[in-house]
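Just data.cif here, mmCIF, C-alpha atoms and all ligand atoms:
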```cif
data_work
#
loop_
_atom_site.group_PDB
_atom_site.id
_atom_site.type_symbol
_atom_site.label_atom_id
_atom_site.label_comp_id
_atom_site.auth_asym_id
_atom_site.auth_seq_id
_atom_site.Cartn_x
_atom_site.Cartn_y
_atom_site.Cartn_z
ATOM 1 C CA MET A 1 -27.963 0.241 6.246
ATOM 2 C CA LYS A 2 -24.305 -0.455 6.915
ATOM 3 C CA ILE A 3 -22.387 -1.715 3.867
ATOM 4 C CA ALA A 4 -18.863 -3.202 4.010
ATOM 5 C CA ILE A 5 -16.700 -3.668 0.922
ATOM 6 C CA VAL A 6 -13.964 -6.205 1.514
ATOM 7 C CA ALA A 7 -11.120 -7.758 -0.469
ATOM 8 C CA ASP A 8 -7.911 -9.576 0.294
ATOM 9 C CA SER A 9 -4.632 -7.686 0.016
ATOM 10 C CA SER A 10 -3.825 -9.059 -3.444
ATOM 11 C CA ALA A 11 -6.264 -6.420 -4.750
ATOM 12 C CA ASN A 12 -3.417 -4.002 -3.973
ATOM 13 C CA THR A 13 -4.690 -0.517 -3.455
ATOM 14 C CA HIS A 14 -6.856 1.981 -1.666
ATOM 15 C CA ILE A 15 -8.821 3.344 -4.541
ATOM 16 C CA PHE A 16 -11.782 5.388 -3.387
ATOM 17 C CA ASP A 17 -11.955 8.736 -1.611
ATOM 18 C CA ASP A 18 -15.621 8.316 -0.818
ATOM 19 C CA MET A 19 -15.981 4.654 0.124
ATOM 20 C CA GLU A 20 -13.932 2.491 2.420
ATOM 21 C CA VAL A 21 -12.602 -0.900 1.393
ATOM 22 C CA THR A 22 -11.362 -3.232 4.124
ATOM 23 C CA TYR A 23 -8.397 -5.288 2.993
ATOM 24 C CA VAL A 24 -7.791 -8.673 4.583
ATOM 25 C CA PRO A 25 -4.035 -9.298 4.556
ATOM 26 C CA LEU A 26 -2.239 -12.331 3.193
ATOM 27 C CA LYS A 27 1.206 -13.052 4.594
ATOM 28 C CA ILE A 28 4.646 -13.604 3.155
ATOM 29 C CA VAL A 29 6.591 -15.969 5.385
ATOM 30 C CA THR A 30 10.340 -16.654 5.591
ATOM 31 C CA GLU A 31 12.334 -18.513 8.224
ATOM 32 C CA LYS A 32 13.322 -15.144 9.663
ATOM 33 C CA ASN A 33 10.218 -13.070 9.312
ATOM 34 C CA GLU A 34 6.514 -12.911 8.722
ATOM 35 C CA TYR A 35 5.372 -10.003 6.581
ATOM 36 C CA VAL A 36 1.716 -9.147 7.035
ATOM 37 C CA ASP A 37 0.467 -7.502 3.842
ATOM 38 C CA ASP A 38 -1.394 -4.622 5.475
ATOM 39 C CA ASP A 39 -0.941 -0.843 5.506
ATOM 40 C CA ASN A 40 1.959 -1.100 7.953
ATOM 41 C CA LEU A 41 4.050 -3.254 5.640
ATOM 42 C CA ASP A 42 7.060 -1.515 4.116
ATOM 43 C CA VAL A 43 6.957 -3.391 0.813
ATOM 44 C CA SER A 44 10.211 -2.042 -0.607
ATOM 45 C CA ALA A 45 12.042 -2.956 2.607
ATOM 46 C CA MET A 46 10.537 -6.451 2.367
ATOM 47 C CA LEU A 47 11.728 -6.737 -1.231
ATOM 48 C CA SER A 48 15.288 -5.777 -0.360
ATOM 49 C CA GLU A 49 15.304 -8.217 2.552
ATOM 50 C CA LEU A 50 14.027 -10.954 0.240
ATOM 51 C CA ARG A 51 16.716 -10.101 -2.304
ATOM 52 C CA GLU A 52 19.389 -10.861 0.311
ATOM 53 C CA TYR A 53 17.587 -13.838 1.786
ATOM 54 C CA LYS A 54 18.572 -17.288 0.501
ATOM 55 C CA GLY A 55 16.288 -19.568 2.543
ATOM 56 C CA LYS A 56 12.758 -20.812 2.010
ATOM 57 C CA SER A 57 9.792 -18.511 1.664
ATOM 58 C CA SER A 58 6.088 -19.003 1.197
ATOM 59 C CA THR A 59 2.780 -17.228 1.532
ATOM 60 C CA ALA A 60 -0.295 -17.789 3.665
ATOM 61 C CA CYS A 61 -3.881 -16.820 3.117
ATOM 62 C CA PRO A 62 -6.135 -15.150 5.695
ATOM 63 C CA CYS A 63 -8.130 -17.345 8.066
ATOM 64 C CA VAL A 64 -11.884 -17.347 8.566
ATOM 65 C CA ASN A 65 -11.683 -14.933 11.511
ATOM 66 C CA ASP A 66 -9.717 -12.384 9.499
ATOM 67 C CA TRP A 67 -12.627 -12.233 7.062
ATOM 68 C CA LEU A 68 -15.179 -12.093 9.881
ATOM 69 C CA ASP A 69 -13.297 -9.127 11.385
ATOM 70 C CA ALA A 70 -13.504 -7.372 8.034
ATOM 71 C CA PHE A 71 -17.256 -8.008 7.795
ATOM 72 C CA GLY A 72 -17.634 -6.255 11.189
ATOM 73 C CA ASP A 73 -21.327 -5.761 11.885
ATOM 74 C CA ALA A 74 -22.315 -4.714 8.380
ATOM 75 C CA ASP A 75 -25.829 -5.458 7.119
ATOM 76 C CA MET A 76 -24.546 -5.956 3.601
ATOM 77 C CA VAL A 77 -21.072 -7.275 2.799
ATOM 78 C CA LEU A 78 -19.766 -7.187 -0.772
ATOM 79 C CA GLY A 79 -16.331 -8.419 -1.622
ATOM 80 C CA CYS A 80 -13.925 -10.382 -3.729
ATOM 81 C CA ALA A 81 -11.027 -12.770 -3.301
ATOM 82 C CA ILE A 82 -7.978 -13.979 -5.205
ATOM 83 C CA THR A 83 -8.490 -17.042 -7.413
ATOM 84 C CA SER A 84 -9.486 -20.155 -5.493
ATOM 85 C CA ASN A 85 -7.288 -22.168 -7.831
ATOM 86 C CA LEU A 86 -4.050 -20.737 -6.467
ATOM 87 C CA SER A 87 -4.961 -19.803 -2.903
ATOM 88 C CA GLY A 88 -7.071 -20.952 0.022
ATOM 89 C CA CYS A 89 -8.179 -17.350 0.495
ATOM 90 C CA TYR A 90 -11.579 -17.724 -1.155
ATOM 91 C CA ASN A 91 -12.244 -20.904 0.802
ATOM 92 C CA SER A 92 -11.754 -19.131 4.116
ATOM 93 C CA ALA A 93 -13.939 -16.281 2.860
ATOM 94 C CA ARG A 94 -16.649 -18.793 1.941
ATOM 95 C CA LEU A 95 -16.543 -20.350 5.404
ATOM 96 C CA ALA A 96 -16.688 -16.881 6.950
ATOM 97 C CA VAL A 97 -19.774 -16.089 4.860
ATOM 98 C CA GLU A 98 -21.481 -19.274 6.109
ATOM 99 C CA GLU A 99 -20.651 -18.458 9.705
ATOM 100 C CA TYR A 100 -21.760 -14.842 9.367
ATOM 101 C CA MET A 101 -25.099 -15.774 7.826
ATOM 102 C CA GLU A 102 -25.741 -18.377 10.486
ATOM 103 C CA ALA A 103 -25.024 -15.916 13.276
ATOM 104 C CA ASN A 104 -26.884 -13.063 11.574
ATOM 105 C CA PRO A 105 -29.903 -14.334 9.695
ATOM 106 C CA GLY A 106 -31.232 -11.732 7.303
ATOM 107 C CA LYS A 107 -27.883 -10.098 6.589
ATOM 108 C CA LYS A 108 -26.608 -10.161 3.027
ATOM 109 C CA VAL A 109 -23.091 -11.293 2.184
ATOM 110 C CA PHE A 110 -21.418 -12.044 -1.128
ATOM 111 C CA ILE A 111 -17.742 -12.666 -1.870
ATOM 112 C CA LEU A 112 -16.788 -13.264 -5.486
ATOM 113 C CA ASP A 113 -14.126 -15.826 -6.385
ATOM 114 C CA THR A 114 -12.478 -13.625 -9.024
ATOM 115 C CA LEU A 115 -10.422 -16.465 -10.574
ATOM 116 C CA SER A 116 -7.898 -13.669 -10.861
ATOM 117 C CA THR A 117 -6.095 -11.145 -8.694
ATOM 118 C CA GLY A 118 -4.508 -7.671 -8.561
ATOM 119 C CA PRO A 119 -5.894 -5.055 -10.903
ATOM 120 C CA GLU A 120 -8.770 -7.235 -12.125
ATOM 121 C CA MET A 121 -9.966 -7.293 -8.513
ATOM 122 C CA GLN A 122 -9.628 -3.522 -8.525
ATOM 123 C CA LEU A 123 -12.084 -3.329 -11.433
ATOM 124 C CA ILE A 124 -14.524 -5.520 -9.502
ATOM 125 C CA LEU A 125 -14.280 -3.235 -6.466
ATOM 126 C CA GLU A 126 -14.930 -0.221 -8.675
ATOM 127 C CA LYS A 127 -18.005 -1.961 -10.057
ATOM 128 C CA TYR A 128 -19.311 -2.592 -6.517
ATOM 129 C CA ARG A 129 -18.893 1.099 -5.725
ATOM 130 C CA GLU A 130 -20.678 2.172 -8.907
ATOM 131 C CA LEU A 131 -23.646 -0.114 -8.218
ATOM 132 C CA ILE A 132 -23.894 0.916 -4.552
ATOM 133 C CA LEU A 133 -23.940 4.574 -5.598
ATOM 134 C CA LYS A 134 -26.702 3.781 -8.080
ATOM 135 C CA GLY A 135 -28.738 2.441 -5.151
ATOM 136 C CA LYS A 136 -29.032 -1.085 -6.554
ATOM 137 C CA SER A 137 -30.289 -3.892 -4.343
ATOM 138 C CA PHE A 138 -28.007 -6.654 -3.021
ATOM 139 C CA GLU A 139 -29.422 -9.150 -5.521
ATOM 140 C CA GLU A 140 -28.941 -6.756 -8.451
ATOM 141 C CA ILE A 141 -25.384 -5.959 -7.370
ATOM 142 C CA VAL A 142 -24.455 -9.646 -7.107
ATOM 143 C CA GLU A 143 -25.898 -10.418 -10.516
ATOM 144 C CA GLU A 144 -24.306 -7.427 -12.224
ATOM 145 C CA VAL A 145 -20.895 -7.977 -10.638
ATOM 146 C CA LYS A 146 -20.905 -11.633 -11.692
ATOM 147 C CA ALA A 147 -21.770 -10.624 -15.259
ATOM 148 C CA TYR A 148 -19.143 -7.868 -15.244
ATOM 149 C CA SER A 149 -16.423 -10.253 -14.033
ATOM 150 C CA GLU A 150 -17.075 -12.449 -17.074
ATOM 151 C CA LYS A 151 -15.930 -9.570 -19.262
ATOM 152 C CA THR A 152 -12.864 -8.446 -17.331
ATOM 153 C CA HIS A 153 -9.426 -9.995 -17.794
ATOM 154 C CA LEU A 154 -5.972 -10.070 -16.293
ATOM 155 C CA ILE A 155 -2.779 -10.299 -18.296
ATOM 156 C CA PHE A 156 0.775 -9.869 -17.096
ATOM 157 C CA ALA A 157 4.451 -9.685 -18.009
ATOM 158 C CA LEU A 158 6.843 -11.309 -15.548
ATOM 159 C CA THR A 159 10.630 -11.631 -15.558
ATOM 160 C CA SER A 160 10.769 -14.425 -13.016
ATOM 161 C CA LEU A 161 8.498 -17.230 -11.879
ATOM 162 C CA ASP A 162 10.838 -18.417 -9.121
ATOM 163 C CA ASN A 163 8.498 -17.739 -6.246
ATOM 164 C CA PHE A 164 5.611 -19.353 -8.117
ATOM 165 C CA ALA A 165 7.709 -22.465 -8.730
ATOM 166 C CA LYS A 166 9.084 -22.575 -5.162
ATOM 167 C CA ASN A 167 5.550 -22.658 -3.867
ATOM 168 C CA GLY A 168 4.370 -25.316 -6.305
ATOM 169 C CA ARG A 169 2.095 -22.970 -8.211
ATOM 170 C CA VAL A 170 3.678 -23.397 -11.672
ATOM 171 C CA ASN A 171 5.721 -26.039 -13.398
ATOM 172 C CA PRO A 172 9.472 -25.671 -12.474
ATOM 173 C CA ALA A 173 10.530 -26.211 -16.117
ATOM 174 C CA LEU A 174 8.533 -23.155 -17.132
ATOM 175 C CA ALA A 175 10.093 -21.114 -14.327
ATOM 176 C CA LYS A 176 13.564 -22.105 -15.536
ATOM 177 C CA ALA A 177 12.852 -20.923 -19.076
ATOM 178 C CA VAL A 178 11.680 -17.547 -17.806
ATOM 179 C CA GLY A 179 14.679 -17.169 -15.488
ATOM 180 C CA ILE A 180 16.949 -16.574 -18.503
ATOM 181 C CA LEU A 181 18.111 -12.987 -18.596
ATOM 182 C CA GLY A 182 15.916 -10.672 -20.638
ATOM 183 C CA ILE A 183 13.087 -13.162 -21.112
ATOM 184 C CA ARG A 184 9.643 -12.057 -20.080
ATOM 185 C CA ILE A 185 6.660 -14.270 -19.911
ATOM 186 C CA VAL A 186 3.433 -12.739 -21.138
ATOM 187 C CA GLY A 187 0.411 -14.603 -19.918
ATOM 188 C CA LYS A 188 -3.074 -14.361 -18.541
ATOM 189 C CA ALA A 189 -5.268 -15.578 -15.746
ATOM 190 C CA SER A 190 -6.977 -18.582 -17.339
ATOM 191 C CA ASP A 191 -10.726 -19.186 -17.164
ATOM 192 C CA GLU A 192 -9.987 -21.600 -14.313
ATOM 193 C CA GLY A 193 -8.002 -18.957 -12.433
ATOM 194 C CA THR A 194 -4.526 -20.342 -12.969
ATOM 195 C CA LEU A 195 -1.417 -18.790 -14.462
ATOM 196 C CA GLU A 196 -1.529 -19.401 -18.209
ATOM 197 C CA PRO A 197 1.704 -18.570 -20.025
ATOM 198 C CA MET A 198 1.097 -17.396 -23.595
ATOM 199 C CA HIS A 199 4.366 -15.971 -24.981
ATOM 200 C CA LYS A 200 8.037 -15.796 -24.139
ATOM 201 C CA CYS A 201 9.343 -12.419 -25.219
ATOM 202 C CA ARG A 202 12.923 -11.209 -25.416
ATOM 203 C CA GLY A 203 13.220 -7.660 -24.139
ATOM 204 C CA GLU A 204 10.774 -5.179 -22.716
ATOM 205 C CA LYS A 205 9.675 -3.641 -26.015
ATOM 206 C CA ARG A 206 8.534 -6.963 -27.453
ATOM 207 C CA ALA A 207 6.780 -7.867 -24.236
ATOM 208 C CA LEU A 208 4.866 -4.579 -24.199
ATOM 209 C CA ARG A 209 3.799 -4.986 -27.823
ATOM 210 C CA GLN A 210 2.682 -8.525 -27.066
ATOM 211 C CA LEU A 211 0.645 -7.309 -24.095
ATOM 212 C CA VAL A 212 -1.247 -4.847 -26.298
ATOM 213 C CA ALA A 213 -1.816 -7.568 -28.919
ATOM 214 C CA SER A 214 -3.034 -10.022 -26.257
ATOM 215 C CA MET A 215 -5.434 -7.443 -24.868
ATOM 216 C CA LYS A 216 -6.963 -6.977 -28.307
ATOM 217 C CA GLU A 217 -7.253 -10.747 -28.768
ATOM 218 C CA LEU A 218 -9.154 -10.851 -25.479
ATOM 219 C CA GLY A 219 -11.590 -8.272 -26.795
ATOM 220 C CA TYR A 220 -10.150 -5.000 -25.553
ATOM 221 C CA SER A 221 -11.677 -2.060 -27.385
ATOM 222 C CA GLY A 222 -10.954 1.017 -25.290
ATOM 223 C CA GLY A 223 -12.495 0.285 -21.855
ATOM 224 C CA LYS A 224 -10.991 0.764 -18.397
ATOM 225 C CA VAL A 225 -7.414 -0.393 -17.808
ATOM 226 C CA ARG A 226 -5.847 -0.856 -14.359
ATOM 227 C CA ILE A 227 -2.124 -1.528 -14.033
ATOM 228 C CA SER A 228 -0.131 -2.581 -10.997
ATOM 229 C CA HIS A 229 3.625 -2.928 -10.927
ATOM 230 C CA SER A 230 6.349 -3.907 -8.495
ATOM 231 C CA TYR A 231 8.240 -0.637 -8.112
ATOM 232 C CA ASN A 232 8.810 -0.237 -11.821
ATOM 233 C CA PRO A 233 6.829 2.869 -12.872
ATOM 234 C CA GLU A 234 8.846 3.196 -16.055
ATOM 235 C CA VAL A 235 7.576 -0.036 -17.577
ATOM 236 C CA ALA A 236 4.002 0.886 -16.650
ATOM 237 C CA GLY A 237 4.499 4.301 -18.263
ATOM 238 C CA ASN A 238 5.967 2.789 -21.421
ATOM 239 C CA PHE A 239 3.094 0.355 -21.662
ATOM 240 C CA THR A 240 0.494 3.097 -21.167
ATOM 241 C CA ALA A 241 2.109 5.176 -23.908
ATOM 242 C CA LEU A 242 2.047 2.237 -26.305
ATOM 243 C CA LEU A 243 -1.592 1.440 -25.537
ATOM 244 C CA LYS A 244 -2.586 5.089 -25.985
ATOM 245 C CA GLU A 245 -1.128 5.065 -29.515
ATOM 246 C CA GLU A 246 -3.995 2.770 -30.437
ATOM 247 C CA PHE A 247 -6.575 3.790 -27.858
ATOM 248 C CA PRO A 248 -5.945 7.490 -27.180
ATOM 249 C CA ASP A 249 -9.031 7.907 -24.986
ATOM 250 C CA CYS A 250 -8.660 4.852 -22.789
ATOM 251 C CA GLU A 251 -8.764 5.385 -19.016
ATOM 252 C CA VAL A 252 -5.633 3.968 -17.398
ATOM 253 C CA HIS A 253 -4.836 4.017 -13.675
ATOM 254 C CA VAL A 254 -1.488 2.818 -12.386
ATOM 255 C CA CYS A 255 -0.697 1.684 -8.855
ATOM 256 C CA LEU A 256 1.926 -0.206 -6.893
ATOM 257 C CA ASN A 257 1.626 -3.862 -6.015
ATOM 258 C CA ARG A 258 1.347 -4.544 -2.333
ATOM 259 C CA GLY A 259 3.304 -7.331 -0.632
ATOM 260 C CA LEU A 260 1.588 -10.428 -1.998
ATOM 261 C CA CYS A 261 1.608 -9.394 -5.669
ATOM 262 C CA CYS A 262 5.178 -8.066 -5.350
ATOM 263 C CA TYR A 263 6.292 -11.393 -3.918
ATOM 264 C CA TYR A 264 4.871 -13.396 -6.830
ATOM 265 C CA ALA A 265 5.187 -10.879 -9.671
ATOM 266 C CA GLU A 266 8.752 -10.144 -8.479
ATOM 267 C CA GLU A 267 10.869 -7.264 -9.651
ATOM 268 C CA GLY A 268 9.916 -5.957 -13.046
ATOM 269 C CA GLY A 269 6.546 -7.687 -12.956
ATOM 270 C CA MET A 270 3.485 -5.849 -14.228
ATOM 271 C CA LEU A 271 -0.179 -6.855 -14.030
ATOM 272 C CA ILE A 272 -2.931 -5.409 -16.215
ATOM 273 C CA GLY A 273 -6.636 -5.694 -15.527
ATOM 274 C CA PHE A 274 -8.983 -4.523 -18.255
ATOM 275 C CA GLU A 275 -12.523 -4.604 -19.599
ATOM 276 C CA GLY A 276 -12.938 -6.848 -22.618
HETATM 277 O O1 LIG B 1 -2.734 -18.473 -0.392
HETATM 278 C C1 LIG B 1 -1.632 -17.997 -0.663
HETATM 279 O O2 LIG B 1 -0.633 -18.286 -0.029
HETATM 280 C C2 LIG B 1 -1.522 -17.017 -1.809
HETATM 281 C C3 LIG B 1 -1.141 -17.628 -3.109
HETATM 282 C C4 LIG B 1 -1.239 -16.680 -4.273
HETATM 283 C C5 LIG B 1 -0.681 -17.171 -5.558
HETATM 284 C C6 LIG B 1 -0.901 -16.293 -6.735
HETATM 285 C C7 LIG B 1 -0.412 -14.885 -6.614
HETATM 286 C C8 LIG B 1 -0.497 -14.074 -7.872
HETATM 287 C C9 LIG B 1 0.107 -12.710 -7.758
HETATM 288 C C10 LIG B 1 1.236 -12.662 -9.991
HETATM 289 C C11 LIG B 1 0.971 -12.692 -11.431
HETATM 290 C C12 LIG B 1 -0.389 -12.958 -11.957
HETATM 291 C C13 LIG B 1 -0.797 -14.400 -12.071
HETATM 292 C C14 LIG B 1 -2.263 -14.544 -12.285
HETATM 293 C C15 LIG B 1 -2.815 -15.889 -12.155
HETATM 294 C C16 LIG B 1 -4.286 -15.928 -11.889
HETATM 295 C C17 LIG B 1 0.265 -12.011 -9.045
#
```
Could you write out this structure as structure tokens?
Amino acid sequence: MKIAIVADSSANTHIFDDMEVTYVPLKIVTEKNEYVDDDNLDVSAMLSELREYKGKSSTACPCVNDWLDAFGDADMVLGCAITSNLSGCYNSARLAVEEYMEANPGKKVFILDTLSTGPEMQLILEKYRELILKGKSFEEIVEEVKAYSEKTHLIFALTSLDNFAKNGRVNPALAKAVGILGIRIVGKASDEGTLEPMHKCRGEKRALRQLVASMKELGYSGGKVRISHSYNPEVAGNFTALLKEEFPDCEVHVCLNRGLCCYYAEEGGMLIGFEG
């Protein structure tokens, strides 16, 4: 039986040596350029171009056909998408699932609306892999992944919300308050899959301490942690060190944000997915 694991490009990374994940790219669009968030995108070049660029920019989600291409001719498709409350990505995935099932009765397809993004999606993909390797049935996998996603969380520290505000995805007044030099917003993906600010922190040290505290409030007790950052390995390293002071045995993996998460998390932004 042919199995396809699929996710949109906000899930960031190629994580498995032994199982392929097909990433469906979102796009970052300016008046000068369209950046397709796939393996060919030079993300750091995009970031320096955006730094110089003063015009309008936005993002666009994949269309139904992009998802259908990723499904290929698999008998079983398992996947996940960025929160349906901030992007149309899940909606096009849902329509693709309908079309695929209609054209291929008997095939099994499930795409989870993660109500989150980035490294929390990474955890979901890892869970799919684990359950496939255990030989679980489609129905068992769907049920277990849904239950797992109830226990995973996403928190973040961001130094700017400009691109969120420009694209109408957060309140402009909030973005202004974060724009002040040295202020980081620590927040989480809410239960509804929106950006929920929790604390304004002055300086990196305070923000990192707040992140650890917020993780504990959300039930963290030493499970898996996945971090993605926008070309700022130092902050990810400092955070890992701080977390390990309290949870010396925790398993932390760090990766780079791809285009979409870099665009919204901006420079200095860090996302943390973890098991609660
Ligand atoms: O459809 C589109 O154009 C894509 C829109 C995506 C908007 C959200 C991107 C989030 C990227 C930034 C920090 C984490 C916020 C988490 C909220 C759920 C990551």
May I have the residues within 6 Å of ligand LIG 1 (chain B), computed using all atoms listed in the file, as a PDB file with C-alpha atoms, in the coordinates of the input?
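Here's the written file out_18.pdb:
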```pdb
ATOM      1  CA  THR A  59       2.780 -17.228   1.532  1.00  0.00           C
ATOM      2  CA  ALA A  60      -0.295 -17.789   3.665  1.00  0.00           C
ATOM      3  CA  CYS A  61      -3.881 -16.820   3.117  1.00  0.00           C
ATOM      4  CA  LEU A  86      -4.050 -20.737  -6.467  1.00  0.00           C
ATOM      5  CA  SER A  87      -4.961 -19.803  -2.903  1.00  0.00           C
ATOM      6  CA  GLY A  88      -7.071 -20.952   0.022  1.00  0.00           C
ATOM      7  CA  CYS A  89      -8.179 -17.350   0.495  1.00  0.00           C
ATOM      8  CA  SER A 116      -7.898 -13.669 -10.861  1.00  0.00           C
ATOM      9  CA  ALA A 189      -5.268 -15.578 -15.746  1.00  0.00           C
ATOM     10  CA  GLY A 193      -8.002 -18.957 -12.433  1.00  0.00           C
ATOM     11  CA  THR A 194      -4.526 -20.342 -12.969  1.00  0.00           C
ATOM     12  CA  LEU A 195      -1.417 -18.790 -14.462  1.00  0.00           C
ATOM     13  CA  CYS A 261       1.608  -9.394  -5.669  1.00  0.00           C
ATOM     14  CA  TYR A 264       4.871 -13.396  -6.830  1.00  0.00           C
ATOM     15  CA  ALA A 265       5.187 -10.879  -9.671  1.00  0.00           C
TER      16      ALA A 265
END
```
Edge lengths and centre in Å to one decimal, as JSON, of the axis-aligned box that encloses all listed atoms of region 209-219 of chain A with 4 Å added on every side?
```
{"center_x": -3.9, "center_y": -7.8, "center_z": -26.5, "size_x": 23.4, "size_y": 14.0, "size_z": 12.8}
```
(Q) For the provided coordinates, the residues matched by the PyMOL selection byres (((chain A and resi 11-25) around 7) and not hetatm) should be stated as JSON, numbers by chain. (A) {"A": [5, 6, 7, 8, 9, 10, 26, 27, 36, 37, 38, 62, 66, 67, 70, 117, 118, 119, 121, 122, 257, 258]}
Q: Can you work out the spacing between CA of Leu78 (chain A) and CA of Ile3 (chain A) in Å, to one decimal?
A: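 Computing it gives 7.6 Å between the two atoms.
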Q) Using all atoms listed in the file, which residue out of A:Val170, A:Ile132, A:Ile180, A:Met270 lies closest to Phe156 (chain A)? A)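 Residue with the minimum atom-to-atom distance to Phe156 (chain A): A:Met270.
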Can region 240-254 of chain A be brought up to N, CA, C and O atoms and written out as a PDB file, in the frame of the given file?
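File written: selection-v2.pdb
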```
ATOM      1  N   THR A 240       1.643   2.180 -21.003  1.00  0.00           N
ATOM      2  CA  THR A 240       0.494   3.097 -21.167  1.00  0.00           C
ATOM      3  C   THR A 240       0.645   3.901 -22.460  1.00  0.00           C
ATOM      4  O   THR A 240      -0.314   4.057 -23.225  1.00  0.00           O
ATOM      5  N   ALA A 241       1.865   4.381 -22.701  1.00  0.00           N
ATOM      6  CA  ALA A 241       2.109   5.176 -23.908  1.00  0.00           C
ATOM      7  C   ALA A 241       1.810   4.357 -25.166  1.00  0.00           C
ATOM      8  O   ALA A 241       1.160   4.833 -26.112  1.00  0.00           O
ATOM      9  N   LEU A 242       2.253   3.108 -25.150  1.00  0.00           N
ATOM     10  CA  LEU A 242       2.047   2.237 -26.305  1.00  0.00           C
ATOM     11  C   LEU A 242       0.550   1.973 -26.530  1.00  0.00           C
ATOM     12  O   LEU A 242       0.048   2.009 -27.658  1.00  0.00           O
ATOM     13  N   LEU A 243      -0.158   1.716 -25.433  1.00  0.00           N
ATOM     14  CA  LEU A 243      -1.592   1.440 -25.537  1.00  0.00           C
ATOM     15  C   LEU A 243      -2.338   2.670 -26.055  1.00  0.00           C
ATOM     16  O   LEU A 243      -3.242   2.567 -26.889  1.00  0.00           O
ATOM     17  N   LYS A 244      -1.912   3.847 -25.585  1.00  0.00           N
ATOM     18  CA  LYS A 244      -2.586   5.089 -25.985  1.00  0.00           C
ATOM     19  C   LYS A 244      -2.364   5.431 -27.462  1.00  0.00           C
ATOM     20  O   LYS A 244      -3.126   6.196 -28.039  1.00  0.00           O
ATOM     21  N   GLU A 245      -1.311   4.852 -28.068  1.00  0.00           N
ATOM     22  CA  GLU A 245      -1.128   5.065 -29.515  1.00  0.00           C
ATOM     23  C   GLU A 245      -2.332   4.510 -30.259  1.00  0.00           C
ATOM     24  O   GLU A 245      -2.768   5.050 -31.262  1.00  0.00           O
ATOM     25  N   GLU A 246      -2.846   3.385 -29.757  1.00  0.00           N
ATOM     26  CA  GLU A 246      -3.995   2.770 -30.437  1.00  0.00           C
ATOM     27  C   GLU A 246      -5.325   3.155 -29.850  1.00  0.00           C
ATOM     28  O   GLU A 246      -6.344   3.155 -30.528  1.00  0.00           O
ATOM     29  N   PHE A 247      -5.319   3.439 -28.547  1.00  0.00           N
ATOM     30  CA  PHE A 247      -6.575   3.790 -27.858  1.00  0.00           C
ATOM     31  C   PHE A 247      -6.364   5.091 -27.090  1.00  0.00           C
ATOM     32  O   PHE A 247      -6.230   5.082 -25.863  1.00  0.00           O
ATOM     33  N   PRO A 248      -6.326   6.223 -27.819  1.00  0.00           N
ATOM     34  CA  PRO A 248      -5.945   7.490 -27.180  1.00  0.00           C
ATOM     35  C   PRO A 248      -6.857   7.886 -26.017  1.00  0.00           C
ATOM     36  O   PRO A 248      -6.416   8.577 -25.116  1.00  0.00           O
ATOM     37  N   ASP A 249      -8.104   7.449 -26.033  1.00  0.00           N
ATOM     38  CA  ASP A 249      -9.031   7.907 -24.986  1.00  0.00           C
ATOM     39  C   ASP A 249      -9.201   6.930 -23.843  1.00  0.00           C
ATOM     40  O   ASP A 249     -10.056   7.131 -22.983  1.00  0.00           O
ATOM     41  N   CYS A 250      -8.413   5.857 -23.823  1.00  0.00           N
ATOM     42  CA  CYS A 250      -8.660   4.852 -22.789  1.00  0.00           C
ATOM     43  C   CYS A 250      -8.272   5.392 -21.406  1.00  0.00           C
ATOM     44  O   CYS A 250      -7.368   6.214 -21.273  1.00  0.00           O
ATOM     45  N   GLU A 251      -9.005   4.919 -20.390  1.00  0.00           N
ATOM     46  CA  GLU A 251      -8.764   5.385 -19.016  1.00  0.00           C
ATOM     47  C   GLU A 251      -7.834   4.388 -18.324  1.00  0.00           C
ATOM     48  O   GLU A 251      -8.212   3.242 -18.088  1.00  0.00           O
ATOM     49  N   VAL A 252      -6.629   4.850 -18.026  1.00  0.00           N
ATOM     50  CA  VAL A 252      -5.633   3.968 -17.398  1.00  0.00           C
ATOM     51  C   VAL A 252      -5.287   4.495 -16.011  1.00  0.00           C
ATOM     52  O   VAL A 252      -4.992   5.680 -15.857  1.00  0.00           O
ATOM     53  N   HIS A 253      -5.342   3.654 -15.005  1.00  0.00           N
ATOM     54  CA  HIS A 253      -4.836   4.017 -13.675  1.00  0.00           C
ATOM     55  C   HIS A 253      -3.695   3.069 -13.326  1.00  0.00           C
ATOM     56  O   HIS A 253      -3.805   1.862 -13.564  1.00  0.00           O
ATOM     57  N   VAL A 254      -2.658   3.628 -12.740  1.00  0.00           N
ATOM     58  CA  VAL A 254      -1.488   2.818 -12.386  1.00  0.00           C
ATOM     59  C   VAL A 254      -1.296   2.836 -10.869  1.00  0.00           C
ATOM     60  O   VAL A 254      -1.438   3.884 -10.250  1.00  0.00           O
TER      61      VAL A 254
END
```
